[in-house]
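For reference, coords_17.pdb (PDB, C-alpha atoms, pLDDT in the B column):
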```pdb
MODEL        1
ATOM      1  CA  MET X   1     -16.066  23.560  34.109  1.00 54.00           C
ATOM      2  CA  ASP X   2     -15.504  20.203  35.793  1.00 52.00           C
ATOM      3  CA  GLY X   3     -17.266  18.458  32.925  1.00 54.00           C
ATOM      4  CA  ALA X   4     -14.974  20.113  30.398  1.00 57.00           C
ATOM      5  CA  LEU X   5     -11.902  19.033  32.369  1.00 52.00           C
ATOM      6  CA  ILE X   6     -13.181  15.453  32.525  1.00 52.00           C
ATOM      7  CA  LEU X   7     -13.811  15.424  28.767  1.00 51.00           C
ATOM      8  CA  ALA X   8     -10.366  16.883  28.111  1.00 53.00           C
ATOM      9  CA  ALA X   9      -8.735  14.280  30.367  1.00 47.00           C
ATOM     10  CA  ALA X  10     -10.683  11.469  28.697  1.00 47.00           C
ATOM     11  CA  GLY X  11      -9.727  12.750  25.248  1.00 52.00           C
ATOM     12  CA  GLY X  12      -6.075  12.959  26.272  1.00 51.00           C
ATOM     13  CA  ALA X  13      -6.152   9.412  27.640  1.00 46.00           C
ATOM     14  CA  VAL X  14      -7.671   8.101  24.411  1.00 49.00           C
ATOM     15  CA  ALA X  15      -5.057   9.955  22.367  1.00 53.00           C
ATOM     16  CA  VAL X  16      -2.238   8.467  24.462  1.00 51.00           C
ATOM     17  CA  LEU X  17      -3.671   4.959  24.105  1.00 52.00           C
ATOM     18  CA  LEU X  18      -3.919   5.376  20.334  1.00 54.00           C
ATOM     19  CA  LEU X  19      -0.328   6.606  20.120  1.00 59.00           C
ATOM     20  CA  VAL X  20       0.893   3.675  22.204  1.00 58.00           C
ATOM     21  CA  ARG X  21      -1.071   1.274  20.033  1.00 56.00           C
ATOM     22  CA  LEU X  22       0.360   2.878  16.897  1.00 57.00           C
ATOM     23  CA  TRP X  23       3.884   2.465  18.286  1.00 58.00           C
ATOM     24  CA  VAL X  24       3.209  -1.211  18.988  1.00 56.00           C
ATOM     25  CA  VAL X  25       1.900  -1.763  15.449  1.00 55.00           C
ATOM     26  CA  LEU X  26       4.799   0.048  13.746  1.00 56.00           C
ATOM     27  CA  ARG X  27       7.691  -1.376  15.781  1.00 61.00           C
ATOM     28  CA  PRO X  28       9.850  -3.936  13.927  1.00 63.00           C
ATOM     29  CA  ARG X  29       9.012  -7.605  14.425  1.00 61.00           C
ATOM     30  CA  ALA X  30      10.812 -10.803  13.529  1.00 58.00           C
ATOM     31  CA  PRO X  31       9.388 -12.308  10.310  1.00 58.00           C
ATOM     32  CA  VAL X  32       7.222 -15.396  10.742  1.00 59.00           C
ATOM     33  CA  PRO X  33       7.712 -18.140   8.092  1.00 60.00           C
ATOM     34  CA  ARG X  34       4.521 -18.876   6.158  1.00 62.00           C
ATOM     35  CA  ARG X  35       3.624 -21.169   3.282  1.00 69.00           C
ATOM     36  CA  SER X  36       1.647 -18.416   1.556  1.00 80.00           C
ATOM     37  CA  LEU X  37       0.971 -14.717   1.915  1.00 89.00           C
ATOM     38  CA  SER X  38      -2.227 -12.943   0.993  1.00 95.00           C
ATOM     39  CA  LEU X  39      -1.102  -9.960  -1.069  1.00 96.00           C
ATOM     40  CA  LEU X  40      -2.885  -6.659  -1.617  1.00 97.00           C
ATOM     41  CA  VAL X  41      -1.336  -4.664  -4.467  1.00 97.00           C
ATOM     42  CA  VAL X  42      -2.204  -1.021  -5.102  1.00 95.00           C
ATOM     43  CA  ALA X  43      -1.916  -0.147  -8.790  1.00 91.00           C
ATOM     44  CA  GLY X  44      -1.967   3.369 -10.180  1.00 81.00           C
ATOM     45  CA  SER X  45      -2.535   4.654 -13.672  1.00 75.00           C
ATOM     46  CA  GLY X  46       0.215   4.653 -16.296  1.00 73.00           C
ATOM     47  CA  GLY X  47       3.778   4.069 -15.127  1.00 84.00           C
ATOM     48  CA  HIS X  48       2.855   3.104 -11.572  1.00 87.00           C
ATOM     49  CA  THR X  49       0.969   0.016 -12.770  1.00 91.00           C
ATOM     50  CA  THR X  50       3.732  -0.925 -15.212  1.00 91.00           C
ATOM     51  CA  GLU X  51       6.364  -0.722 -12.464  1.00 93.00           C
ATOM     52  CA  ILE X  52       4.374  -2.674  -9.881  1.00 94.00           C
ATOM     53  CA  LEU X  53       3.644  -5.467 -12.365  1.00 94.00           C
ATOM     54  CA  ARG X  54       7.340  -5.708 -13.228  1.00 93.00           C
ATOM     55  CA  LEU X  55       8.039  -6.100  -9.541  1.00 92.00           C
ATOM     56  CA  LEU X  56       5.401  -8.820  -9.226  1.00 93.00           C
ATOM     57  CA  GLU X  57       7.060 -10.830 -11.999  1.00 91.00           C
ATOM     58  CA  SER X  58       9.844 -11.722  -9.564  1.00 87.00           C
ATOM     59  CA  LEU X  59       7.498 -12.882  -6.785  1.00 88.00           C
ATOM     60  CA  SER X  60       6.785 -16.565  -6.327  1.00 86.00           C
ATOM     61  CA  ASP X  61       3.376 -18.242  -6.315  1.00 84.00           C
ATOM     62  CA  ALA X  62       3.560 -18.217  -2.510  1.00 88.00           C
ATOM     63  CA  TYR X  63       2.107 -14.702  -2.722  1.00 91.00           C
ATOM     64  CA  THR X  64      -1.457 -15.818  -3.176  1.00 90.00           C
ATOM     65  CA  PRO X  65      -4.248 -14.915  -3.354  1.00 92.00           C
ATOM     66  CA  ARG X  66      -3.428 -11.591  -4.987  1.00 95.00           C
ATOM     67  CA  HIS X  67      -5.831  -8.697  -4.572  1.00 96.00           C
ATOM     68  CA  TYR X  68      -5.396  -5.624  -6.741  1.00 97.00           C
ATOM     69  CA  VAL X  69      -6.820  -2.207  -5.867  1.00 96.00           C
ATOM     70  CA  ILE X  70      -7.269   0.414  -8.578  1.00 93.00           C
ATOM     71  CA  ALA X  71      -9.125   3.702  -8.917  1.00 89.00           C
ATOM     72  CA  ASP X  72     -12.665   3.213 -10.183  1.00 87.00           C
ATOM     73  CA  SER X  73     -11.909   5.256 -13.319  1.00 83.00           C
ATOM     74  CA  ASP X  74      -8.697   3.388 -14.182  1.00 87.00           C
ATOM     75  CA  GLU X  75      -9.742   0.937 -16.918  1.00 89.00           C
ATOM     76  CA  MET X  76      -6.244   0.725 -18.385  1.00 92.00           C
ATOM     77  CA  SER X  77      -4.765  -0.720 -15.177  1.00 92.00           C
ATOM     78  CA  ALA X  78      -7.527  -3.335 -15.051  1.00 93.00           C
ATOM     79  CA  ARG X  79      -6.616  -4.483 -18.569  1.00 94.00           C
ATOM     80  CA  LYS X  80      -2.900  -4.598 -17.716  1.00 95.00           C
ATOM     81  CA  ILE X  81      -3.545  -6.645 -14.575  1.00 95.00           C
ATOM     82  CA  ASN X  82      -5.774  -9.149 -16.353  1.00 95.00           C
ATOM     83  CA  SER X  83      -3.177  -9.546 -19.113  1.00 95.00           C
ATOM     84  CA  PHE X  84      -0.394  -9.973 -16.542  1.00 94.00           C
ATOM     85  CA  GLU X  85      -2.289 -12.682 -14.650  1.00 93.00           C
ATOM     86  CA  LEU X  86      -3.198 -14.549 -17.840  1.00 90.00           C
ATOM     87  CA  ASN X  87       0.447 -14.534 -18.962  1.00 90.00           C
ATOM     88  CA  ARG X  88       1.495 -15.692 -15.505  1.00 87.00           C
ATOM     89  CA  ALA X  89      -0.960 -18.591 -15.705  1.00 84.00           C
ATOM     90  CA  ASP X  90       0.360 -19.534 -19.174  1.00 83.00           C
ATOM     91  CA  ARG X  91       3.885 -19.786 -17.757  1.00 81.00           C
ATOM     92  CA  ASN X  92       2.654 -21.984 -14.919  1.00 75.00           C
ATOM     93  CA  PRO X  93       0.315 -24.707 -16.280  1.00 67.00           C
ATOM     94  CA  SER X  94      -0.327 -26.037 -12.767  1.00 64.00           C
ATOM     95  CA  ASP X  95      -2.035 -22.747 -11.885  1.00 61.00           C
ATOM     96  CA  THR X  96      -5.210 -23.429 -13.865  1.00 55.00           C
ATOM     97  CA  PHE X  97      -7.297 -20.891 -11.959  1.00 62.00           C
ATOM     98  CA  PRO X  98      -5.225 -17.822 -11.039  1.00 67.00           C
ATOM     99  CA  GLN X  99      -6.164 -16.641  -7.575  1.00 85.00           C
ATOM    100  CA  TYR X 100      -6.547 -12.916  -8.022  1.00 93.00           C
ATOM    101  CA  CYS X 101      -9.224 -10.281  -7.786  1.00 95.00           C
ATOM    102  CA  ILE X 102      -9.474  -6.620  -8.798  1.00 96.00           C
ATOM    103  CA  HIS X 103     -11.158  -4.134  -6.457  1.00 95.00           C
ATOM    104  CA  CYS X 104     -12.049  -0.520  -7.193  1.00 93.00           C
ATOM    105  CA  ILE X 105     -12.158   2.484  -4.877  1.00 90.00           C
ATOM    106  CA  PRO X 106     -12.726   6.193  -5.624  1.00 85.00           C
ATOM    107  CA  ARG X 107      -9.630   8.040  -6.761  1.00 78.00           C
ATOM    108  CA  SER X 108      -8.217  10.055  -3.857  1.00 73.00           C
ATOM    109  CA  ARG X 109      -6.841  12.804  -6.092  1.00 68.00           C
ATOM    110  CA  GLU X 110      -7.420  13.755  -9.710  1.00 65.00           C
ATOM    111  CA  VAL X 111      -4.849  15.582 -11.834  1.00 62.00           C
ATOM    112  CA  GLN X 112      -4.781  19.323 -11.004  1.00 62.00           C
ATOM    113  CA  GLN X 113      -7.254  18.847  -8.156  1.00 63.00           C
ATOM    114  CA  SER X 114      -6.969  21.477  -5.418  1.00 68.00           C
ATOM    115  CA  TRP X 115      -5.257  20.459  -2.182  1.00 66.00           C
ATOM    116  CA  LEU X 116      -8.266  21.375  -0.057  1.00 68.00           C
ATOM    117  CA  SER X 117     -10.635  19.160  -1.997  1.00 71.00           C
ATOM    118  CA  THR X 118      -7.946  16.441  -2.081  1.00 75.00           C
ATOM    119  CA  VAL X 119      -8.178  16.154   1.711  1.00 78.00           C
ATOM    120  CA  LEU X 120     -11.918  15.546   1.463  1.00 82.00           C
ATOM    121  CA  THR X 121     -11.697  13.018  -1.389  1.00 82.00           C
ATOM    122  CA  THR X 122      -8.878  11.162   0.380  1.00 83.00           C
ATOM    123  CA  LEU X 123     -10.937  10.905   3.570  1.00 86.00           C
ATOM    124  CA  TYR X 124     -13.884   9.643   1.529  1.00 87.00           C
ATOM    125  CA  SER X 125     -11.672   7.094  -0.220  1.00 88.00           C
ATOM    126  CA  THR X 126     -10.293   5.955   3.156  1.00 88.00           C
ATOM    127  CA  TRP X 127     -13.820   5.560   4.510  1.00 91.00           C
ATOM    128  CA  LEU X 128     -14.630   3.186   1.630  1.00 90.00           C
ATOM    129  CA  SER X 129     -11.233   1.463   1.754  1.00 92.00           C
ATOM    130  CA  PHE X 130     -11.514   0.197   5.312  1.00 94.00           C
ATOM    131  CA  PRO X 131     -14.412  -2.260   4.654  1.00 94.00           C
ATOM    132  CA  LEU X 132     -12.447  -3.611   1.673  1.00 95.00           C
ATOM    133  CA  THR X 133      -9.223  -4.019   3.637  1.00 96.00           C
ATOM    134  CA  HIS X 134     -11.126  -5.526   6.564  1.00 95.00           C
ATOM    135  CA  ARG X 135     -12.794  -8.056   4.265  1.00 96.00           C
ATOM    136  CA  VAL X 136      -9.586  -9.058   2.477  1.00 95.00           C
ATOM    137  CA  LYS X 137      -7.368  -8.953   5.617  1.00 96.00           C
ATOM    138  CA  PRO X 138      -4.120  -9.199   3.615  1.00 96.00           C
ATOM    139  CA  ASP X 139      -0.843 -10.296   5.118  1.00 96.00           C
ATOM    140  CA  LEU X 140       1.049  -7.793   2.994  1.00 96.00           C
ATOM    141  CA  VAL X 141       0.248  -4.516   1.218  1.00 97.00           C
ATOM    142  CA  LEU X 142       2.557  -3.618  -1.662  1.00 97.00           C
ATOM    143  CA  CYS X 143       2.455  -0.197  -3.313  1.00 95.00           C
ATOM    144  CA  ASN X 144       4.680   2.178  -5.246  1.00 92.00           C
ATOM    145  CA  GLY X 145       3.239   5.660  -5.043  1.00 83.00           C
ATOM    146  CA  PRO X 146      -0.169   6.210  -6.645  1.00 81.00           C
ATOM    147  CA  GLY X 147      -2.499   8.396  -4.599  1.00 80.00           C
ATOM    148  CA  THR X 148      -4.840   5.437  -4.207  1.00 86.00           C
ATOM    149  CA  CYS X 149      -2.279   3.719  -1.970  1.00 91.00           C
ATOM    150  CA  VAL X 150      -2.613   6.233   0.874  1.00 91.00           C
ATOM    151  CA  PRO X 151      -6.222   5.302   1.852  1.00 92.00           C
ATOM    152  CA  ILE X 152      -5.411   1.590   1.530  1.00 95.00           C
ATOM    153  CA  CYS X 153      -2.283   1.814   3.698  1.00 95.00           C
ATOM    154  CA  VAL X 154      -4.093   3.880   6.336  1.00 94.00           C
ATOM    155  CA  SER X 155      -6.877   1.277   6.364  1.00 95.00           C
ATOM    156  CA  ALA X 156      -4.328  -1.531   6.720  1.00 96.00           C
ATOM    157  CA  LEU X 157      -2.715   0.362   9.591  1.00 94.00           C
ATOM    158  CA  LEU X 158      -6.111   0.709  11.282  1.00 93.00           C
ATOM    159  CA  LEU X 159      -6.508  -3.079  11.226  1.00 94.00           C
ATOM    160  CA  GLY X 160      -3.424  -3.313  13.411  1.00 93.00           C
ATOM    161  CA  ILE X 161      -4.378  -0.412  15.676  1.00 91.00           C
ATOM    162  CA  LEU X 162      -7.782  -1.982  16.307  1.00 91.00           C
ATOM    163  CA  GLY X 163      -6.150  -5.347  17.041  1.00 90.00           C
ATOM    164  CA  ILE X 164      -7.816  -7.072  14.083  1.00 93.00           C
ATOM    165  CA  LYS X 165      -4.675  -8.052  12.173  1.00 94.00           C
ATOM    166  CA  LYS X 166      -1.108  -6.834  11.767  1.00 93.00           C
ATOM    167  CA  VAL X 167      -0.604  -6.054   8.066  1.00 95.00           C
ATOM    168  CA  ILE X 168       2.908  -5.557   6.706  1.00 95.00           C
ATOM    169  CA  ILE X 169       3.131  -2.447   4.512  1.00 96.00           C
ATOM    170  CA  VAL X 170       5.874  -2.362   1.873  1.00 96.00           C
ATOM    171  CA  TYR X 171       6.321   0.841  -0.097  1.00 96.00           C
ATOM    172  CA  VAL X 172       8.568   0.930  -3.167  1.00 96.00           C
ATOM    173  CA  GLU X 173       9.337   4.451  -4.351  1.00 94.00           C
ATOM    174  CA  SER X 174       9.074   4.895  -8.110  1.00 91.00           C
ATOM    175  CA  ILE X 175      12.254   4.591 -10.180  1.00 91.00           C
ATOM    176  CA  CYS X 176      11.652   8.126 -11.495  1.00 90.00           C
ATOM    177  CA  ARG X 177      12.117   9.550  -7.988  1.00 93.00           C
ATOM    178  CA  VAL X 178      15.862  10.205  -7.900  1.00 92.00           C
ATOM    179  CA  GLU X 179      16.367  13.006  -5.364  1.00 92.00           C
ATOM    180  CA  HIS X 180      12.960  13.706  -3.812  1.00 93.00           C
ATOM    181  CA  LEU X 181      10.157  11.487  -2.533  1.00 94.00           C
ATOM    182  CA  SER X 182       6.714  11.608  -4.072  1.00 91.00           C
ATOM    183  CA  LEU X 183       3.836  13.037  -2.039  1.00 87.00           C
ATOM    184  CA  SER X 184       2.636   9.498  -1.255  1.00 90.00           C
ATOM    185  CA  GLY X 185       6.180   8.581  -0.255  1.00 93.00           C
ATOM    186  CA  ARG X 186       6.459  11.510   2.142  1.00 93.00           C
ATOM    187  CA  ILE X 187       3.175  10.482   3.766  1.00 91.00           C
ATOM    188  CA  LEU X 188       3.883   6.752   4.009  1.00 94.00           C
ATOM    189  CA  PHE X 189       7.580   6.984   4.894  1.00 94.00           C
ATOM    190  CA  HIS X 190       6.645   7.005   8.574  1.00 91.00           C
ATOM    191  CA  LEU X 191       3.797   4.480   8.301  1.00 92.00           C
ATOM    192  CA  SER X 192       5.303   1.663   6.248  1.00 94.00           C
ATOM    193  CA  ASP X 193       7.165  -1.332   7.663  1.00 95.00           C
ATOM    194  CA  TYR X 194       9.639  -1.361   4.762  1.00 95.00           C
ATOM    195  CA  PHE X 195      10.311   1.715   2.623  1.00 97.00           C
ATOM    196  CA  ILE X 196      12.371   0.854  -0.464  1.00 96.00           C
ATOM    197  CA  VAL X 197      14.156   3.398  -2.654  1.00 96.00           C
ATOM    198  CA  GLN X 198      15.934   2.760  -5.952  1.00 94.00           C
ATOM    199  CA  TRP X 199      18.562   5.506  -5.913  1.00 94.00           C
ATOM    200  CA  PRO X 200      21.466   5.985  -3.457  1.00 95.00           C
ATOM    201  CA  THR X 201      20.739   9.732  -3.242  1.00 95.00           C
ATOM    202  CA  LEU X 202      17.377   8.964  -1.598  1.00 95.00           C
ATOM    203  CA  LYS X 203      18.995   6.450   0.755  1.00 95.00           C
ATOM    204  CA  ALA X 204      21.433   9.155   1.855  1.00 94.00           C
ATOM    205  CA  LYS X 205      18.569  11.563   2.574  1.00 94.00           C
ATOM    206  CA  TYR X 206      16.358   8.966   4.265  1.00 94.00           C
ATOM    207  CA  PRO X 207      18.582   6.524   6.225  1.00 92.00           C
ATOM    208  CA  LYS X 208      15.560   4.534   7.414  1.00 92.00           C
ATOM    209  CA  SER X 209      14.821   3.507   3.821  1.00 95.00           C
ATOM    210  CA  VAL X 210      16.073   0.303   2.220  1.00 95.00           C
ATOM    211  CA  TYR X 211      18.220   0.625  -0.914  1.00 94.00           C
ATOM    212  CA  LEU X 212      18.291  -2.446  -3.163  1.00 89.00           C
ATOM    213  CA  GLY X 213      19.367  -0.792  -6.402  1.00 87.00           C
ATOM    214  CA  ARG X 214      17.030  -0.755  -9.369  1.00 86.00           C
ATOM    215  CA  ILE X 215      14.406  -3.461  -8.867  1.00 85.00           C
ATOM    216  CA  VAL X 216      11.932  -2.609 -11.660  1.00 76.00           C
TER     217      VAL X 216
ENDMDL
END
```
Re-express the file's structure as structure tokens.
Amino acid sequence: MDGALILAAAGGAVAVLLLVRLWVVLRPRAPVPRRSLSLLVVAGSGGHTTEILRLLESLSDAYTPRHYVIADSDEMSARKINSFELNRADRNPSDTFPQYCIHCIPRSREVQQSWLSTVLTTLYSTWLSFPLTHRVKPDLVLCNGPGTCVPICVSALLLGILGIKKVIIVYVESICRVEHLSLSGRILFHLSDYFIVQWPTLKAKYPKSVYLGRIV
């Protein structure tokens, strides 16, 4: 009985420490000026990739190197990213060797996949995402809703919880989400540093979010 109480007390202490550490990681901090920012972009299939690349068109070359994460079965996004980076290099002759890389992780959820199996595949994807995020150690994670972004953002959050590196997480809700958040949005609303919506109706429902109008 005493052993069980000791284990319960130890487990409670660990849980409290983790919650305190999570609060420290998520609390707002003053931005630190930097000459460049390592960027990790999560691209999803179809419209998600198109929207995120439109957003990247407005970012300066200070966001370099750029690391893209896609699902391992998403060949279309890989082609779009390569085309985007080649066009970007053509517009900037000084950037002879674009500094970008494409990484693949297992898809966390397939279309029409059951919710129970989704939990398992998401955990598996997170398990494989952490070594990638730890190796890249980005300054900023940018995503806009594909299921693949959840494991990456959780892995980035773990870097801060473990004291390895504070990673800024910026989530941009898709333009097609007018009145309700996507599933990824509902999950990451509480975990992101900046949560951006593109419709005033969402801003009214989620005051913590940032409304900048249509940005893609």
Worksheet item: Nearest to Ser108 of chain X: which of X:Val172, X:Val150, X:Arg91, X:Leu191 is it, counting only C-alpha atoms?
Response: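 When distances to Ser108 of chain X are compared using only C-alpha atoms, the smallest one comes from X:Val150.
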Worksheet item: Smallest atom-to-atom distance to Pro138 of chain X: which of X:Thr64, X:Asn92, X:Gln99, X:Ser125, using all atoms listed in the file?
Response: X:Thr64
With 12 Å as the cut-off and all atoms listed in the file counted, what is the closest atom pair between each nearby residue of segment 123-151 of chain X and segment 195-198 of chain X? Distances in Å to one decimal, ordered by chain and number, as CSV.
```
residue,atom,partner,partner_atom,distance
X:Val141,CA,X:Phe195,CA,11.9
X:Leu142,CA,X:Phe195,CA,10.3
X:Cys143,CA,X:Phe195,CA,10.0
X:Asn144,CA,X:Ile196,CA,9.2
X:Gly145,CA,X:Phe195,CA,11.2
```
Counting only C-alpha atoms, which residues in segment 142-192 of chain X sit no more than 12 Å from segment 69-74 of chain X? For each one, give the nearest pair of atoms and the distance in Å, sorted by chain then residue number, as a Markdown table.
```
| residue | atom | partner | partner_atom | distance |
| --- | --- | --- | --- | --- |
| X:Leu142 | CA | X:Val69 | CA | 10.4 |
| X:Cys143 | CA | X:Val69 | CA | 9.8 |
| X:Pro146 | CA | X:Ile70 | CA | 9.4 |
| X:Gly147 | CA | X:Ala71 | CA | 9.2 |
| X:Thr148 | CA | X:Ala71 | CA | 6.6 |
| X:Cys149 | CA | X:Val69 | CA | 8.4 |
| X:Val150 | CA | X:Val69 | CA | 11.6 |
| X:Pro151 | CA | X:Val69 | CA | 10.8 |
| X:Ile152 | CA | X:Val69 | CA | 8.4 |
| X:Cys153 | CA | X:Val69 | CA | 11.3 |
```
Discussion item. Please enumerate the residues selected by the PyMOL selection byres ((chain X and resi 190) around 12) when evaluated against the supplied file, formatted as a count of residues only.
Written reply: 24
Fill in: Distance query 12 Å from (2.7, 3.0, -13.6) using only C-alpha atoms, result as an MDAnalysis selection string
chainID X and resid 42:55 70 74 76:77 80:81 143:147 173:176 216
Can I get the selection written as a PDB file, in the frame of the given file, with C-alpha atoms?
```pdb
ATOM      1  CA  VAL X  42      -2.204  -1.021  -5.102  1.00 95.00           C
ATOM      2  CA  ALA X  43      -1.916  -0.147  -8.790  1.00 91.00           C
ATOM      3  CA  GLY X  44      -1.967   3.369 -10.180  1.00 81.00           C
ATOM      4  CA  SER X  45      -2.535   4.654 -13.672  1.00 75.00           C
ATOM      5  CA  GLY X  46       0.215   4.653 -16.296  1.00 73.00           C
ATOM      6  CA  GLY X  47       3.778   4.069 -15.127  1.00 84.00           C
ATOM      7  CA  HIS X  48       2.855   3.104 -11.572  1.00 87.00           C
ATOM      8  CA  THR X  49       0.969   0.016 -12.770  1.00 91.00           C
ATOM      9  CA  THR X  50       3.732  -0.925 -15.212  1.00 91.00           C
ATOM     10  CA  GLU X  51       6.364  -0.722 -12.464  1.00 93.00           C
ATOM     11  CA  ILE X  52       4.374  -2.674  -9.881  1.00 94.00           C
ATOM     12  CA  LEU X  53       3.644  -5.467 -12.365  1.00 94.00           C
ATOM     13  CA  ARG X  54       7.340  -5.708 -13.228  1.00 93.00           C
ATOM     14  CA  LEU X  55       8.039  -6.100  -9.541  1.00 92.00           C
ATOM     15  CA  ILE X  70      -7.269   0.414  -8.578  1.00 93.00           C
ATOM     16  CA  ASP X  74      -8.697   3.388 -14.182  1.00 87.00           C
ATOM     17  CA  MET X  76      -6.244   0.725 -18.385  1.00 92.00           C
ATOM     18  CA  SER X  77      -4.765  -0.720 -15.177  1.00 92.00           C
ATOM     19  CA  LYS X  80      -2.900  -4.598 -17.716  1.00 95.00           C
ATOM     20  CA  ILE X  81      -3.545  -6.645 -14.575  1.00 95.00           C
ATOM     21  CA  CYS X 143       2.455  -0.197  -3.313  1.00 95.00           C
ATOM     22  CA  ASN X 144       4.680   2.178  -5.246  1.00 92.00           C
ATOM     23  CA  GLY X 145       3.239   5.660  -5.043  1.00 83.00           C
ATOM     24  CA  PRO X 146      -0.169   6.210  -6.645  1.00 81.00           C
ATOM     25  CA  GLY X 147      -2.499   8.396  -4.599  1.00 80.00           C
ATOM     26  CA  GLU X 173       9.337   4.451  -4.351  1.00 94.00           C
ATOM     27  CA  SER X 174       9.074   4.895  -8.110  1.00 91.00           C
ATOM     28  CA  ILE X 175      12.254   4.591 -10.180  1.00 91.00           C
ATOM     29  CA  CYS X 176      11.652   8.126 -11.495  1.00 90.00           C
ATOM     30  CA  VAL X 216      11.932  -2.609 -11.660  1.00 76.00           C
TER      31      VAL X 216
END
```
Counting only C-alpha atoms, which residues sit no farther than 9 Å from the position (-12.0, 3.8, 3.8) in the file's frame? I'd like them as a PDB file with C-alpha atoms, in the frame of the given file.
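File written: selection.pdb
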```
ATOM      1  CA  ILE X 105     -12.158   2.484  -4.877  1.00 90.00           C
ATOM      2  CA  THR X 122      -8.878  11.162   0.380  1.00 83.00           C
ATOM      3  CA  LEU X 123     -10.937  10.905   3.570  1.00 86.00           C
ATOM      4  CA  TYR X 124     -13.884   9.643   1.529  1.00 87.00           C
ATOM      5  CA  SER X 125     -11.672   7.094  -0.220  1.00 88.00           C
ATOM      6  CA  THR X 126     -10.293   5.955   3.156  1.00 88.00           C
ATOM      7  CA  TRP X 127     -13.820   5.560   4.510  1.00 91.00           C
ATOM      8  CA  LEU X 128     -14.630   3.186   1.630  1.00 90.00           C
ATOM      9  CA  SER X 129     -11.233   1.463   1.754  1.00 92.00           C
ATOM     10  CA  PHE X 130     -11.514   0.197   5.312  1.00 94.00           C
ATOM     11  CA  PRO X 131     -14.412  -2.260   4.654  1.00 94.00           C
ATOM     12  CA  LEU X 132     -12.447  -3.611   1.673  1.00 95.00           C
ATOM     13  CA  THR X 133      -9.223  -4.019   3.637  1.00 96.00           C
ATOM     14  CA  PRO X 151      -6.222   5.302   1.852  1.00 92.00           C
ATOM     15  CA  ILE X 152      -5.411   1.590   1.530  1.00 95.00           C
ATOM     16  CA  VAL X 154      -4.093   3.880   6.336  1.00 94.00           C
ATOM     17  CA  SER X 155      -6.877   1.277   6.364  1.00 95.00           C
TER      18      SER X 155
END
```
Worksheet item: Expressed in Å to a single decimal, how great is the separation between atom CA of Ala62 of chain X and atom CA of Leu37 of chain X?
Response: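 Separation of atom CA of Ala62 of chain X and atom CA of Leu37 of chain X: 6.2 Å.
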Worksheet item: Which of these, X:Val119, X:Val167, X:Cys101, X:Ile161, has the shortest distance to Lys137 of chain X once you count only C-alpha atoms?
Response: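 Closest residue, counting only C-alpha atoms: X:Val167.
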Build an axis-aligned box that encloses every atom of segment 130-141 of chain X listed in the file, pad it by 5 Å on each side, and report its centre and edge lengths in Å to one decimal, as JSON.
```
{"center_x": -6.7, "center_y": -5.0, "center_z": 3.9, "size_x": 25.5, "size_y": 20.5, "size_z": 15.3}
```
Practice prompt. Just give me the gap between atom CA of Ile102 of chain X and atom CA of Leu212 of chain X in Å, one decimal is fine.
Written response: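 Between these atoms lies a distance of 28.6 Å.
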Discussion item. Once the PyMOL selection byres ((chain X and resi 165) around 10) has been evaluated on this model, what residues remain selected, and can you format them as an MDAnalysis selection string?
Written reply: chainID X and resid 25 134 137:139 156:164 166:168
Discussion item. I need the residue nearest Pro106 of chain X from this list: X:Ser83, X:Thr118, X:Ser58, X:Ser38. Use all atoms listed in the file for the distance.
Written reply: X:Thr118
Reconstructed segment 201-208 of chain X, atom set N, CA, C and O atoms, as a PDB file, keeping the file's coordinate frame:
```pdb
ATOM      1  N   THR X 201      20.938   8.369  -3.743  1.00 95.00           N
ATOM      2  CA  THR X 201      20.739   9.732  -3.242  1.00 95.00           C
ATOM      3  C   THR X 201      19.572   9.787  -2.257  1.00 95.00           C
ATOM      4  O   THR X 201      19.611  10.534  -1.277  1.00 95.00           O
ATOM      5  N   LEU X 202      18.518   9.007  -2.520  1.00 95.00           N
ATOM      6  CA  LEU X 202      17.377   8.964  -1.598  1.00 95.00           C
ATOM      7  C   LEU X 202      17.747   8.229  -0.316  1.00 95.00           C
ATOM      8  O   LEU X 202      17.303   8.598   0.772  1.00 95.00           O
ATOM      9  N   LYS X 203      18.549   7.181  -0.434  1.00 95.00           N
ATOM     10  CA  LYS X 203      18.995   6.450   0.755  1.00 95.00           C
ATOM     11  C   LYS X 203      19.801   7.365   1.663  1.00 95.00           C
ATOM     12  O   LYS X 203      19.673   7.314   2.902  1.00 95.00           O
ATOM     13  N   ALA X 204      20.621   8.233   1.060  1.00 94.00           N
ATOM     14  CA  ALA X 204      21.433   9.155   1.855  1.00 94.00           C
ATOM     15  C   ALA X 204      20.553  10.162   2.591  1.00 94.00           C
ATOM     16  O   ALA X 204      20.848  10.543   3.724  1.00 94.00           O
ATOM     17  N   LYS X 205      19.458  10.586   1.954  1.00 94.00           N
ATOM     18  CA  LYS X 205      18.569  11.563   2.574  1.00 94.00           C
ATOM     19  C   LYS X 205      17.644  10.930   3.603  1.00 94.00           C
ATOM     20  O   LYS X 205      17.237  11.581   4.567  1.00 94.00           O
ATOM     21  N   TYR X 206      17.311   9.655   3.381  1.00 94.00           N
ATOM     22  CA  TYR X 206      16.358   8.966   4.265  1.00 94.00           C
ATOM     23  C   TYR X 206      16.991   7.651   4.733  1.00 94.00           C
ATOM     24  O   TYR X 206      16.749   6.588   4.147  1.00 94.00           O
ATOM     25  N   PRO X 207      17.837   7.708   5.764  1.00 92.00           N
ATOM     26  CA  PRO X 207      18.582   6.524   6.225  1.00 92.00           C
ATOM     27  C   PRO X 207      17.685   5.347   6.600  1.00 92.00           C
ATOM     28  O   PRO X 207      18.122   4.196   6.518  1.00 92.00           O
ATOM     29  N   LYS X 208      16.446   5.624   7.028  1.00 92.00           N
ATOM     30  CA  LYS X 208      15.560   4.534   7.414  1.00 92.00           C
ATOM     31  C   LYS X 208      15.165   3.674   6.212  1.00 92.00           C
ATOM     32  O   LYS X 208      14.779   2.509   6.371  1.00 92.00           O
TER      33      LYS X 208
END
```
